[in-house]
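Engineer: Dropping the structure in here first, questions after.
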Amino acid sequence: MARIKLAPAAESESAPPEPTASPVAAPAEVTASPANGVDRELKQKSGGRFSAFAAFPDGVSFTGEETGENVILLLRQHIITNVPWILVTTLLLLAPLVLFPAFFMAGIIPPVPAGFRLVALLFWYLATGTYVLLNFLYWYFNAYLLTNERVVDIDWFSIIYRRVSSAQVSKIQDISATQSGVVAGIFDFGDVVIQTAGELPNFDFENVPHPQLVAKKLNEMTEKEEKQWEANP
Amino acid sequence: MTVENIAAIIALLNIWLFIKLFVLVLLFFYFVLSLIITRQVDLMNQVLGTRISPAIQTAVVFHAIAVGILFFLAVVLI
């Protein structure tokens, strides 16, 4: 288990620009500006429309979005976390081709009318499609957003229950990135835990890609926010 | 045809009628579920809108239509 804890914003001013053990070093020409360096790194790792890691995505809007608020990061659980239900889907798709003929031949399932068999087969594949659809929706809409003003956590616990929590960047007190396990290490995903001030809820970005990079960006934003506050309290 | 045979046929018919009703009720609830999913995806898209939101909405509507067609197929074929 590799746990990398970033220093809080107030303590990290004397720290070198990259306090984390980031696997990708920033290019030499951009190290002069840490903000550009992190942003460039984010863009390099950013994926497509179905990506779990989208930096500065276009066309993203969310509930409660304020004027002038820009989405910096749109995160979801790493795509590898979908493997279990994809495997189940593969088995469900293969079952009518392999298992059902075997059951009929063995006499486990009694002979049924052709119409009933057709409806049962269609139902099976459609139900498999629903299973895929629900799992995809659950993955796609359980998102974490990092904007230039706050962090937003959108949770769908089921198809009918959701929770949207957010906290201003200025309320962030501590950020830690955690990677545990071989699979998480290979595919570079883990948890980012954000502790906030007061009674605000803490945020746990679970299984997000490049957790150290996300934590680094958050740390950079809190530093910037603190400097702004010191200059203009 | 003996009385026993007639009773057996009636019992068989009743079993199929029961199965047919069960399947139709199941599919009806499945259709309701697909409509709930359609509505919820609309809400989900309002909470988090992306460029592929219309495509997701379309896919979910097609899914609901497919379940509806399956329901009517079951009414006709079973």
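Labeling convention for the structure tokens: chains A, B, ... as they appear, residues from 1 per chain, ligands from 1 in order of appearance.
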Do a neighbour search on Ser53 (chain B) at 12 Å with only C-alpha atoms, toss out local chain neighbours closer than 2 positions, and write the hits as a ChimeraX atom specification.
Structural biologist: /A:49-50,59-62,137,140-141 /B:41-51,55-60
Engineer: Using the selection just defined, write its residues with N, CA and C atoms as a PDB file, in the first residue's frame.
Structural biologist:
ATOM      1  N   ARG A  49     -14.212  11.248 -24.522  1.00  0.00           N
ATOM      2  CA  ARG A  49     -15.540  11.535 -23.940  1.00  0.00           C
ATOM      3  C   ARG A  49     -15.957  10.530 -22.881  1.00  0.00           C
ATOM      4  N   PHE A  50     -15.510   9.296 -23.049  1.00  0.00           N
ATOM      5  CA  PHE A  50     -15.878   8.267 -22.075  1.00  0.00           C
ATOM      6  C   PHE A  50     -14.757   8.034 -21.060  1.00  0.00           C
ATOM      7  N   GLY A  59     -18.026  21.465 -22.833  1.00  0.00           N
ATOM      8  CA  GLY A  59     -19.435  21.073 -22.841  1.00  0.00           C
ATOM      9  C   GLY A  59     -19.911  20.367 -21.588  1.00  0.00           C
ATOM     10  N   VAL A  60     -19.215  20.554 -20.471  1.00  0.00           N
ATOM     11  CA  VAL A  60     -19.645  19.927 -19.223  1.00  0.00           C
ATOM     12  C   VAL A  60     -20.353  20.972 -18.368  1.00  0.00           C
ATOM     13  N   SER A  61     -21.544  20.623 -17.924  1.00  0.00           N
ATOM     14  CA  SER A  61     -22.276  21.506 -17.017  1.00  0.00           C
ATOM     15  C   SER A  61     -22.795  20.671 -15.855  1.00  0.00           C
ATOM     16  N   PHE A  62     -23.006  21.308 -14.738  1.00  0.00           N
ATOM     17  CA  PHE A  62     -23.529  20.557 -13.595  1.00  0.00           C
ATOM     18  C   PHE A  62     -24.479  21.432 -12.790  1.00  0.00           C
ATOM     19  N   LEU A 137     -24.461   3.672 -16.512  1.00  0.00           N
ATOM     20  CA  LEU A 137     -25.010   4.931 -15.988  1.00  0.00           C
ATOM     21  C   LEU A 137     -24.463   5.220 -14.596  1.00  0.00           C
ATOM     22  N   TYR A 140     -20.896   6.306 -15.096  1.00  0.00           N
ATOM     23  CA  TYR A 140     -20.757   7.558 -15.833  1.00  0.00           C
ATOM     24  C   TYR A 140     -21.208   8.769 -15.017  1.00  0.00           C
ATOM     25  N   PHE A 141     -22.272   8.600 -14.244  1.00  0.00           N
ATOM     26  CA  PHE A 141     -22.820   9.756 -13.536  1.00  0.00           C
ATOM     27  C   PHE A 141     -22.334   9.877 -12.097  1.00  0.00           C
TER      28      PHE A 141
ATOM     29  N   VAL B  41     -32.535   9.170 -16.097  1.00  0.00           N
ATOM     30  CA  VAL B  41     -31.412   9.608 -16.933  1.00  0.00           C
ATOM     31  C   VAL B  41     -31.597  11.076 -17.318  1.00  0.00           C
ATOM     32  N   ASP B  42     -32.835  11.466 -17.516  1.00  0.00           N
ATOM     33  CA  ASP B  42     -33.114  12.874 -17.776  1.00  0.00           C
ATOM     34  C   ASP B  42     -32.638  13.726 -16.591  1.00  0.00           C
ATOM     35  N   LEU B  43     -32.951  13.262 -15.385  1.00  0.00           N
ATOM     36  CA  LEU B  43     -32.496  13.976 -14.182  1.00  0.00           C
ATOM     37  C   LEU B  43     -30.968  13.942 -14.067  1.00  0.00           C
ATOM     38  N   MET B  44     -30.390  12.786 -14.353  1.00  0.00           N
ATOM     39  CA  MET B  44     -28.935  12.648 -14.290  1.00  0.00           C
ATOM     40  C   MET B  44     -28.247  13.625 -15.238  1.00  0.00           C
ATOM     41  N   ASN B  45     -28.827  13.766 -16.423  1.00  0.00           N
ATOM     42  CA  ASN B  45     -28.256  14.689 -17.399  1.00  0.00           C
ATOM     43  C   ASN B  45     -28.374  16.140 -16.941  1.00  0.00           C
ATOM     44  N   GLN B  46     -29.409  16.408 -16.152  1.00  0.00           N
ATOM     45  CA  GLN B  46     -29.533  17.771 -15.606  1.00  0.00           C
ATOM     46  C   GLN B  46     -28.479  18.013 -14.522  1.00  0.00           C
ATOM     47  N   VAL B  47     -28.187  16.979 -13.740  1.00  0.00           N
ATOM     48  CA  VAL B  47     -27.179  17.114 -12.676  1.00  0.00           C
ATOM     49  C   VAL B  47     -25.784  17.212 -13.278  1.00  0.00           C
ATOM     50  N   LEU B  48     -25.507  16.372 -14.266  1.00  0.00           N
ATOM     51  CA  LEU B  48     -24.203  16.404 -14.930  1.00  0.00           C
ATOM     52  C   LEU B  48     -24.421  16.290 -16.433  1.00  0.00           C
ATOM     53  N   GLY B  49     -24.294  17.394 -17.098  1.00  0.00           N
ATOM     54  CA  GLY B  49     -24.491  17.402 -18.549  1.00  0.00           C
ATOM     55  C   GLY B  49     -23.161  17.353 -19.275  1.00  0.00           C
ATOM     56  N   THR B  50     -23.081  16.463 -20.252  1.00  0.00           N
ATOM     57  CA  THR B  50     -21.877  16.396 -21.083  1.00  0.00           C
ATOM     58  C   THR B  50     -22.303  16.378 -22.543  1.00  0.00           C
ATOM     59  N   ARG B  51     -21.318  16.308 -23.425  1.00  0.00           N
ATOM     60  CA  ARG B  51     -21.660  16.327 -24.858  1.00  0.00           C
ATOM     61  C   ARG B  51     -22.382  15.068 -25.302  1.00  0.00           C
ATOM     62  N   ALA B  55     -26.988  11.489 -26.546  1.00  0.00           N
ATOM     63  CA  ALA B  55     -26.832  10.105 -27.020  1.00  0.00           C
ATOM     64  C   ALA B  55     -27.275   9.119 -25.938  1.00  0.00           C
ATOM     65  N   ILE B  56     -26.925   9.407 -24.703  1.00  0.00           N
ATOM     66  CA  ILE B  56     -27.330   8.523 -23.602  1.00  0.00           C
ATOM     67  C   ILE B  56     -28.850   8.518 -23.474  1.00  0.00           C
ATOM     68  N   GLN B  57     -29.435   9.711 -23.564  1.00  0.00           N
ATOM     69  CA  GLN B  57     -30.894   9.824 -23.463  1.00  0.00           C
ATOM     70  C   GLN B  57     -31.576   9.036 -24.582  1.00  0.00           C
ATOM     71  N   THR B  58     -31.026   9.150 -25.780  1.00  0.00           N
ATOM     72  CA  THR B  58     -31.590   8.419 -26.921  1.00  0.00           C
ATOM     73  C   THR B  58     -31.501   6.905 -26.694  1.00  0.00           C
ATOM     74  N   ALA B  59     -30.349   6.456 -26.210  1.00  0.00           N
ATOM     75  CA  ALA B  59     -30.153   5.014 -25.964  1.00  0.00           C
ATOM     76  C   ALA B  59     -31.172   4.494 -24.951  1.00  0.00           C
ATOM     77  N   VAL B  60     -31.418   5.298 -23.927  1.00  0.00           N
ATOM     78  CA  VAL B  60     -32.350   4.873 -22.874  1.00  0.00           C
ATOM     79  C   VAL B  60     -33.791   4.849 -23.403  1.00  0.00           C
TER      80      VAL B  60
END
Engineer: Check which residues of chain A sit at most 10 Å from chain B using only C-alpha atoms, and return one row each with the closest pair of atoms and their distance in Å to one decimal, ordered by chain and rising number, as JSON lines.
Structural biologist:
{"residue": "A:Arg49", "atom": "CA", "partner": "B:Ile52", "partner_atom": "CA", "distance": 7.5}
{"residue": "A:Phe50", "atom": "CA", "partner": "B:Ile52", "partner_atom": "CA", "distance": 8.8}
{"residue": "A:Pro57", "atom": "CA", "partner": "B:Thr50", "partner_atom": "CA", "distance": 8.9}
{"residue": "A:Asp58", "atom": "CA", "partner": "B:Arg51", "partner_atom": "CA", "distance": 7.8}
{"residue": "A:Gly59", "atom": "CA", "partner": "B:Thr50", "partner_atom": "CA", "distance": 5.6}
{"residue": "A:Val60", "atom": "CA", "partner": "B:Thr50", "partner_atom": "CA", "distance": 4.6}
{"residue": "A:Ser61", "atom": "CA", "partner": "B:Gly49", "partner_atom": "CA", "distance": 4.9}
{"residue": "A:Phe62", "atom": "CA", "partner": "B:Leu48", "partner_atom": "CA", "distance": 4.4}
{"residue": "A:Thr63", "atom": "CA", "partner": "B:Val47", "partner_atom": "CA", "distance": 4.7}
{"residue": "A:Gly64", "atom": "CA", "partner": "B:Val47", "partner_atom": "CA", "distance": 8.4}
{"residue": "A:Glu65", "atom": "CA", "partner": "B:Val47", "partner_atom": "CA", "distance": 9.8}
{"residue": "A:Pro113", "atom": "CA", "partner": "B:Ile78", "partner_atom": "CA", "distance": 8.0}
{"residue": "A:Ala114", "atom": "CA", "partner": "B:Leu77", "partner_atom": "CA", "distance": 8.6}
{"residue": "A:Gly115", "atom": "CA", "partner": "B:Leu77", "partner_atom": "CA", "distance": 4.9}
{"residue": "A:Phe116", "atom": "CA", "partner": "B:Ile78", "partner_atom": "CA", "distance": 5.2}
{"residue": "A:Arg117", "atom": "CA", "partner": "B:Ile78", "partner_atom": "CA", "distance": 9.0}
{"residue": "A:Leu118", "atom": "CA", "partner": "B:Leu77", "partner_atom": "CA", "distance": 8.5}
{"residue": "A:Val119", "atom": "CA", "partner": "B:Ala74", "partner_atom": "CA", "distance": 6.0}
{"residue": "A:Ala120", "atom": "CA", "partner": "B:Ala74", "partner_atom": "CA", "distance": 9.0}
{"residue": "A:Leu122", "atom": "CA", "partner": "B:Leu70", "partner_atom": "CA", "distance": 7.4}
{"residue": "A:Phe123", "atom": "CA", "partner": "B:Leu70", "partner_atom": "CA", "distance": 7.3}
{"residue": "A:Leu126", "atom": "CA", "partner": "B:Val67", "partner_atom": "CA", "distance": 7.3}
{"residue": "A:Ala127", "atom": "CA", "partner": "B:Tyr30", "partner_atom": "CA", "distance": 8.8}
{"residue": "A:Gly129", "atom": "CA", "partner": "B:His63", "partner_atom": "CA", "distance": 8.2}
{"residue": "A:Thr130", "atom": "CA", "partner": "B:His63", "partner_atom": "CA", "distance": 7.7}
{"residue": "A:Leu133", "atom": "CA", "partner": "B:Val60", "partner_atom": "CA", "distance": 8.0}
{"residue": "A:Leu134", "atom": "CA", "partner": "B:Ile37", "partner_atom": "CA", "distance": 8.3}
{"residue": "A:Leu137", "atom": "CA", "partner": "B:Val41", "partner_atom": "CA", "distance": 8.0}
{"residue": "A:Tyr138", "atom": "CA", "partner": "B:Met44", "partner_atom": "CA", "distance": 9.9}
{"residue": "A:Tyr140", "atom": "CA", "partner": "B:Leu48", "partner_atom": "CA", "distance": 9.5}
{"residue": "A:Phe141", "atom": "CA", "partner": "B:Met44", "partner_atom": "CA", "distance": 6.8}
{"residue": "A:Asn142", "atom": "CA", "partner": "B:Leu48", "partner_atom": "CA", "distance": 9.3}
{"residue": "A:Ala143", "atom": "CA", "partner": "B:Leu48", "partner_atom": "CA", "distance": 8.3}
{"residue": "A:Leu145", "atom": "CA", "partner": "B:Leu48", "partner_atom": "CA", "distance": 9.8}
{"residue": "A:Ile154", "atom": "CA", "partner": "B:Val47", "partner_atom": "CA", "distance": 8.2}
{"residue": "A:Trp156", "atom": "CA", "partner": "B:Met44", "partner_atom": "CA", "distance": 8.9}
{"residue": "A:Ile159", "atom": "CA", "partner": "B:Gln40", "partner_atom": "CA", "distance": 6.7}
{"residue": "A:Ile160", "atom": "CA", "partner": "B:Gln40", "partner_atom": "CA", "distance": 6.8}
{"residue": "A:Tyr161", "atom": "CA", "partner": "B:Gln40", "partner_atom": "CA", "distance": 9.6}
{"residue": "A:Arg162", "atom": "CA", "partner": "B:Met44", "partner_atom": "CA", "distance": 9.0}
{"residue": "A:Val164", "atom": "CA", "partner": "B:Val47", "partner_atom": "CA", "distance": 8.5}
Engineer: Using backbone DSSP assignments, extract all helix (DSSP H, G or I) residues from region 24-54 of chain B; output them as a ChimeraX atom specification.
Structural biologist: /B:24-47,53-54
Engineer: Write a file of the just-selected residues containing N, CA and C atoms, as a PDB file, in the first residue's frame.
Structural biologist:
ATOM      1  N   LEU B  24     -46.291 -11.923 -18.366  1.00  0.00           N
ATOM      2  CA  LEU B  24     -46.812 -10.607 -18.761  1.00  0.00           C
ATOM      3  C   LEU B  24     -46.690  -9.589 -17.624  1.00  0.00           C
ATOM      4  N   VAL B  25     -46.975 -10.025 -16.415  1.00  0.00           N
ATOM      5  CA  VAL B  25     -46.831  -9.110 -15.265  1.00  0.00           C
ATOM      6  C   VAL B  25     -45.364  -8.713 -15.092  1.00  0.00           C
ATOM      7  N   LEU B  26     -44.488  -9.713 -15.230  1.00  0.00           N
ATOM      8  CA  LEU B  26     -43.039  -9.456 -15.128  1.00  0.00           C
ATOM      9  C   LEU B  26     -42.591  -8.435 -16.175  1.00  0.00           C
ATOM     10  N   LEU B  27     -43.024  -8.646 -17.396  1.00  0.00           N
ATOM     11  CA  LEU B  27     -42.635  -7.735 -18.486  1.00  0.00           C
ATOM     12  C   LEU B  27     -43.253  -6.353 -18.310  1.00  0.00           C
ATOM     13  N   PHE B  28     -44.450  -6.328 -17.738  1.00  0.00           N
ATOM     14  CA  PHE B  28     -45.069  -5.027 -17.498  1.00  0.00           C
ATOM     15  C   PHE B  28     -44.233  -4.216 -16.492  1.00  0.00           C
ATOM     16  N   PHE B  29     -43.826  -4.895 -15.414  1.00  0.00           N
ATOM     17  CA  PHE B  29     -42.990  -4.199 -14.432  1.00  0.00           C
ATOM     18  C   PHE B  29     -41.617  -3.825 -15.015  1.00  0.00           C
ATOM     19  N   TYR B  30     -41.127  -4.666 -15.899  1.00  0.00           N
ATOM     20  CA  TYR B  30     -39.869  -4.376 -16.591  1.00  0.00           C
ATOM     21  C   TYR B  30     -40.039  -3.109 -17.451  1.00  0.00           C
ATOM     22  N   PHE B  31     -41.177  -3.001 -18.098  1.00  0.00           N
ATOM     23  CA  PHE B  31     -41.454  -1.816 -18.916  1.00  0.00           C
ATOM     24  C   PHE B  31     -41.540  -0.564 -18.029  1.00  0.00           C
ATOM     25  N   VAL B  32     -42.193  -0.712 -16.869  1.00  0.00           N
ATOM     26  CA  VAL B  32     -42.267   0.425 -15.931  1.00  0.00           C
ATOM     27  C   VAL B  32     -40.864   0.825 -15.471  1.00  0.00           C
ATOM     28  N   LEU B  33     -40.037  -0.178 -15.181  1.00  0.00           N
ATOM     29  CA  LEU B  33     -38.656   0.097 -14.777  1.00  0.00           C
ATOM     30  C   LEU B  33     -37.913   0.861 -15.866  1.00  0.00           C
ATOM     31  N   SER B  34     -38.112   0.443 -17.120  1.00  0.00           N
ATOM     32  CA  SER B  34     -37.418   1.118 -18.227  1.00  0.00           C
ATOM     33  C   SER B  34     -37.877   2.574 -18.348  1.00  0.00           C
ATOM     34  N   LEU B  35     -39.149   2.825 -18.048  1.00  0.00           N
ATOM     35  CA  LEU B  35     -39.640   4.215 -18.068  1.00  0.00           C
ATOM     36  C   LEU B  35     -39.027   5.021 -16.920  1.00  0.00           C
ATOM     37  N   ILE B  36     -38.880   4.376 -15.760  1.00  0.00           N
ATOM     38  CA  ILE B  36     -38.252   5.054 -14.613  1.00  0.00           C
ATOM     39  C   ILE B  36     -36.795   5.394 -14.947  1.00  0.00           C
ATOM     40  N   ILE B  37     -36.117   4.439 -15.601  1.00  0.00           N
ATOM     41  CA  ILE B  37     -34.718   4.693 -15.995  1.00  0.00           C
ATOM     42  C   ILE B  37     -34.648   5.889 -16.942  1.00  0.00           C
ATOM     43  N   THR B  38     -35.584   5.936 -17.885  1.00  0.00           N
ATOM     44  CA  THR B  38     -35.614   7.048 -18.847  1.00  0.00           C
ATOM     45  C   THR B  38     -35.763   8.389 -18.117  1.00  0.00           C
ATOM     46  N   ARG B  39     -36.673   8.404 -17.173  1.00  0.00           N
ATOM     47  CA  ARG B  39     -36.902   9.638 -16.403  1.00  0.00           C
ATOM     48  C   ARG B  39     -35.663  10.001 -15.573  1.00  0.00           C
ATOM     49  N   GLN B  40     -35.075   8.987 -14.964  1.00  0.00           N
ATOM     50  CA  GLN B  40     -33.921   9.252 -14.116  1.00  0.00           C
ATOM     51  C   GLN B  40     -32.702   9.722 -14.910  1.00  0.00           C
ATOM     52  N   VAL B  41     -32.535   9.170 -16.097  1.00  0.00           N
ATOM     53  CA  VAL B  41     -31.412   9.608 -16.933  1.00  0.00           C
ATOM     54  C   VAL B  41     -31.597  11.076 -17.318  1.00  0.00           C
ATOM     55  N   ASP B  42     -32.835  11.466 -17.516  1.00  0.00           N
ATOM     56  CA  ASP B  42     -33.114  12.874 -17.776  1.00  0.00           C
ATOM     57  C   ASP B  42     -32.638  13.726 -16.591  1.00  0.00           C
ATOM     58  N   LEU B  43     -32.951  13.262 -15.385  1.00  0.00           N
ATOM     59  CA  LEU B  43     -32.496  13.976 -14.182  1.00  0.00           C
ATOM     60  C   LEU B  43     -30.968  13.942 -14.067  1.00  0.00           C
ATOM     61  N   MET B  44     -30.390  12.786 -14.353  1.00  0.00           N
ATOM     62  CA  MET B  44     -28.935  12.648 -14.290  1.00  0.00           C
ATOM     63  C   MET B  44     -28.247  13.625 -15.238  1.00  0.00           C
ATOM     64  N   ASN B  45     -28.827  13.766 -16.423  1.00  0.00           N
ATOM     65  CA  ASN B  45     -28.256  14.689 -17.399  1.00  0.00           C
ATOM     66  C   ASN B  45     -28.374  16.140 -16.941  1.00  0.00           C
ATOM     67  N   GLN B  46     -29.409  16.408 -16.152  1.00  0.00           N
ATOM     68  CA  GLN B  46     -29.533  17.771 -15.606  1.00  0.00           C
ATOM     69  C   GLN B  46     -28.479  18.013 -14.522  1.00  0.00           C
ATOM     70  N   VAL B  47     -28.187  16.979 -13.740  1.00  0.00           N
ATOM     71  CA  VAL B  47     -27.179  17.114 -12.676  1.00  0.00           C
ATOM     72  C   VAL B  47     -25.784  17.212 -13.278  1.00  0.00           C
ATOM     73  N   SER B  53     -24.603  13.519 -23.512  1.00  0.00           N
ATOM     74  CA  SER B  53     -25.891  13.387 -22.806  1.00  0.00           C
ATOM     75  C   SER B  53     -27.059  13.073 -23.748  1.00  0.00           C
ATOM     76  N   PRO B  54     -27.173  13.762 -24.904  1.00  0.00           N
ATOM     77  CA  PRO B  54     -28.279  13.417 -25.814  1.00  0.00           C
ATOM     78  C   PRO B  54     -28.208  11.976 -26.305  1.00  0.00           C
TER      79      PRO B  54
END
Engineer: Show me, as a PyMOL selection string, the residues that have an atom within 10 Å of region 78-92 of chain A when counting only C-alpha atoms, minus same-chain residues fewer than 2 positions from it.
Structural biologist: chain A and resi 50-53+75-76+94-98+124-125+127-129+131-132+135-136+139-140+183-184+187-190+206-210
Engineer: Would you mind exporting N, CA and C atoms of the selected residues as an mmCIF file, in the first residue's frame?
Structural biologist:
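Done, and the output landed in part_30.cif:
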data_model
loop_
_atom_site.group_PDB
_atom_site.id
_atom_site.type_symbol
_atom_site.label_atom_id
_atom_site.label_comp_id
_atom_site.auth_asym_id
_atom_site.auth_seq_id
_atom_site.Cartn_x
_atom_site.Cartn_y
_atom_site.Cartn_z
ATOM 1 N N PHE A 50 -15.510 9.296 -23.049
ATOM 2 C CA PHE A 50 -15.878 8.267 -22.075
ATOM 3 C C PHE A 50 -14.757 8.034 -21.060
ATOM 4 N N SER A 51 -13.870 9.010 -20.976
ATOM 5 C CA SER A 51 -12.722 8.832 -20.094
ATOM 6 C C SER A 51 -13.099 9.045 -18.631
ATOM 7 N N ALA A 52 -12.325 8.418 -17.762
ATOM 8 C CA ALA A 52 -12.504 8.635 -16.330
ATOM 9 C C ALA A 52 -11.682 9.815 -15.851
ATOM 10 N N PHE A 53 -10.906 10.391 -16.739
ATOM 11 C CA PHE A 53 -10.030 11.499 -16.362
ATOM 12 C C PHE A 53 -10.047 12.522 -17.502
ATOM 13 N N LEU A 75 -13.734 13.726 -13.074
ATOM 14 C CA LEU A 75 -13.176 12.416 -12.713
ATOM 15 C C LEU A 75 -14.286 11.406 -12.481
ATOM 16 N N ARG A 76 -13.973 10.178 -12.837
ATOM 17 C CA ARG A 76 -14.842 9.047 -12.497
ATOM 18 C C ARG A 76 -13.941 7.941 -11.971
ATOM 19 N N LEU A 94 -23.165 -15.167 -23.366
ATOM 20 C CA LEU A 94 -22.808 -16.493 -23.871
ATOM 21 C C LEU A 94 -23.764 -17.584 -23.377
ATOM 22 N N ALA A 95 -24.426 -17.325 -22.265
ATOM 23 C CA ALA A 95 -25.257 -18.362 -21.634
ATOM 24 C C ALA A 95 -26.305 -18.974 -22.575
ATOM 25 N N PRO A 96 -27.075 -18.155 -23.305
ATOM 26 C CA PRO A 96 -28.088 -18.773 -24.184
ATOM 27 C C PRO A 96 -27.481 -19.623 -25.296
ATOM 28 N N LEU A 97 -26.259 -19.294 -25.689
ATOM 29 C CA LEU A 97 -25.632 -20.041 -26.785
ATOM 30 C C LEU A 97 -25.050 -21.367 -26.316
ATOM 31 N N VAL A 98 -24.600 -21.393 -25.076
ATOM 32 C CA VAL A 98 -23.882 -22.571 -24.585
ATOM 33 C C VAL A 98 -24.735 -23.377 -23.592
ATOM 34 N N TRP A 124 -34.035 -12.275 -22.209
ATOM 35 C CA TRP A 124 -32.697 -12.507 -21.638
ATOM 36 C C TRP A 124 -31.709 -11.450 -22.144
ATOM 37 N N TYR A 125 -31.684 -11.262 -23.469
ATOM 38 C CA TYR A 125 -30.724 -10.309 -24.028
ATOM 39 C C TYR A 125 -31.071 -8.866 -23.651
ATOM 40 N N ALA A 127 -32.644 -7.942 -20.899
ATOM 41 C CA ALA A 127 -32.308 -7.786 -19.485
ATOM 42 C C ALA A 127 -30.792 -7.613 -19.315
ATOM 43 N N THR A 128 -30.032 -8.329 -20.142
ATOM 44 C CA THR A 128 -28.572 -8.142 -20.125
ATOM 45 C C THR A 128 -28.224 -6.708 -20.530
ATOM 46 N N GLY A 129 -28.934 -6.216 -21.534
ATOM 47 C CA GLY A 129 -28.732 -4.828 -21.965
ATOM 48 C C GLY A 129 -29.060 -3.848 -20.853
ATOM 49 N N TYR A 131 -28.873 -4.466 -17.666
ATOM 50 C CA TYR A 131 -27.793 -4.616 -16.691
ATOM 51 C C TYR A 131 -26.575 -3.765 -17.101
ATOM 52 N N VAL A 132 -26.238 -3.842 -18.375
ATOM 53 C CA VAL A 132 -25.113 -3.046 -18.900
ATOM 54 C C VAL A 132 -25.425 -1.554 -18.763
ATOM 55 N N ASN A 135 -25.256 -0.313 -15.107
ATOM 56 C CA ASN A 135 -23.871 -0.244 -14.620
ATOM 57 C C ASN A 135 -23.109 0.904 -15.270
ATOM 58 N N PHE A 136 -23.344 1.078 -16.564
ATOM 59 C CA PHE A 136 -22.682 2.187 -17.257
ATOM 60 C C PHE A 136 -23.150 3.531 -16.692
ATOM 61 N N TRP A 139 -21.647 4.219 -13.357
ATOM 62 C CA TRP A 139 -20.243 4.623 -13.479
ATOM 63 C C TRP A 139 -20.136 6.041 -14.069
ATOM 64 N N TYR A 140 -20.896 6.306 -15.096
ATOM 65 C CA TYR A 140 -20.757 7.558 -15.833
ATOM 66 C C TYR A 140 -21.208 8.769 -15.017
ATOM 67 N N VAL A 183 -3.002 -3.919 -8.606
ATOM 68 C CA VAL A 183 -3.788 -3.458 -9.769
ATOM 69 C C VAL A 183 -3.823 -1.924 -9.808
ATOM 70 N N ALA A 184 -4.020 -1.329 -8.626
ATOM 71 C CA ALA A 184 -4.058 0.141 -8.553
ATOM 72 C C ALA A 184 -2.710 0.730 -8.957
ATOM 73 N N PHE A 187 -2.287 0.268 -12.921
ATOM 74 C CA PHE A 187 -3.144 1.151 -13.734
ATOM 75 C C PHE A 187 -3.179 2.587 -13.213
ATOM 76 N N ASP A 188 -2.432 2.851 -12.178
ATOM 77 C CA ASP A 188 -2.317 4.191 -11.603
ATOM 78 C C ASP A 188 -3.679 4.796 -11.248
ATOM 79 N N PHE A 189 -4.343 4.157 -10.316
ATOM 80 C CA PHE A 189 -5.559 4.761 -9.772
ATOM 81 C C PHE A 189 -5.593 4.579 -8.266
ATOM 82 N N GLY A 190 -6.380 5.391 -7.604
ATOM 83 C CA GLY A 190 -6.456 5.324 -6.147
ATOM 84 C C GLY A 190 -7.449 6.343 -5.617
ATOM 85 N N GLU A 206 -13.038 8.169 -4.975
ATOM 86 C CA GLU A 206 -12.630 6.759 -4.945
ATOM 87 C C GLU A 206 -12.177 6.261 -6.315
ATOM 88 N N ASN A 207 -11.043 5.581 -6.292
ATOM 89 C CA ASN A 207 -10.525 4.876 -7.482
ATOM 90 C C ASN A 207 -10.380 5.786 -8.706
ATOM 91 N N VAL A 208 -9.972 7.008 -8.484
ATOM 92 C CA VAL A 208 -9.819 7.916 -9.633
ATOM 93 C C VAL A 208 -8.433 7.724 -10.258
ATOM 94 N N PRO A 209 -8.320 7.923 -11.557
ATOM 95 C CA PRO A 209 -7.008 7.792 -12.199
ATOM 96 C C PRO A 209 -6.055 8.898 -11.742
ATOM 97 N N HIS A 210 -4.787 8.593 -11.715
ATOM 98 C CA HIS A 210 -3.715 9.539 -11.388
ATOM 99 C C HIS A 210 -3.993 10.323 -10.096
#
Engineer: Kindly give the distance, in Å, that separates CA of Leu146 (chain A) and CA of Leu200 (chain A), rounded to a single decimal.
Structural biologist: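 Atom-to-atom, CA of Leu146 (chain A) to CA of Leu200 (chain A), that is 16.5 Å.
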Engineer: Rounded to one decimal, what separation in Å do you get between CA of Asp153 (chain A) and CA of Ala55 (chain A)?
Structural biologist: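 Interatomic distance here is 16.1 Å.
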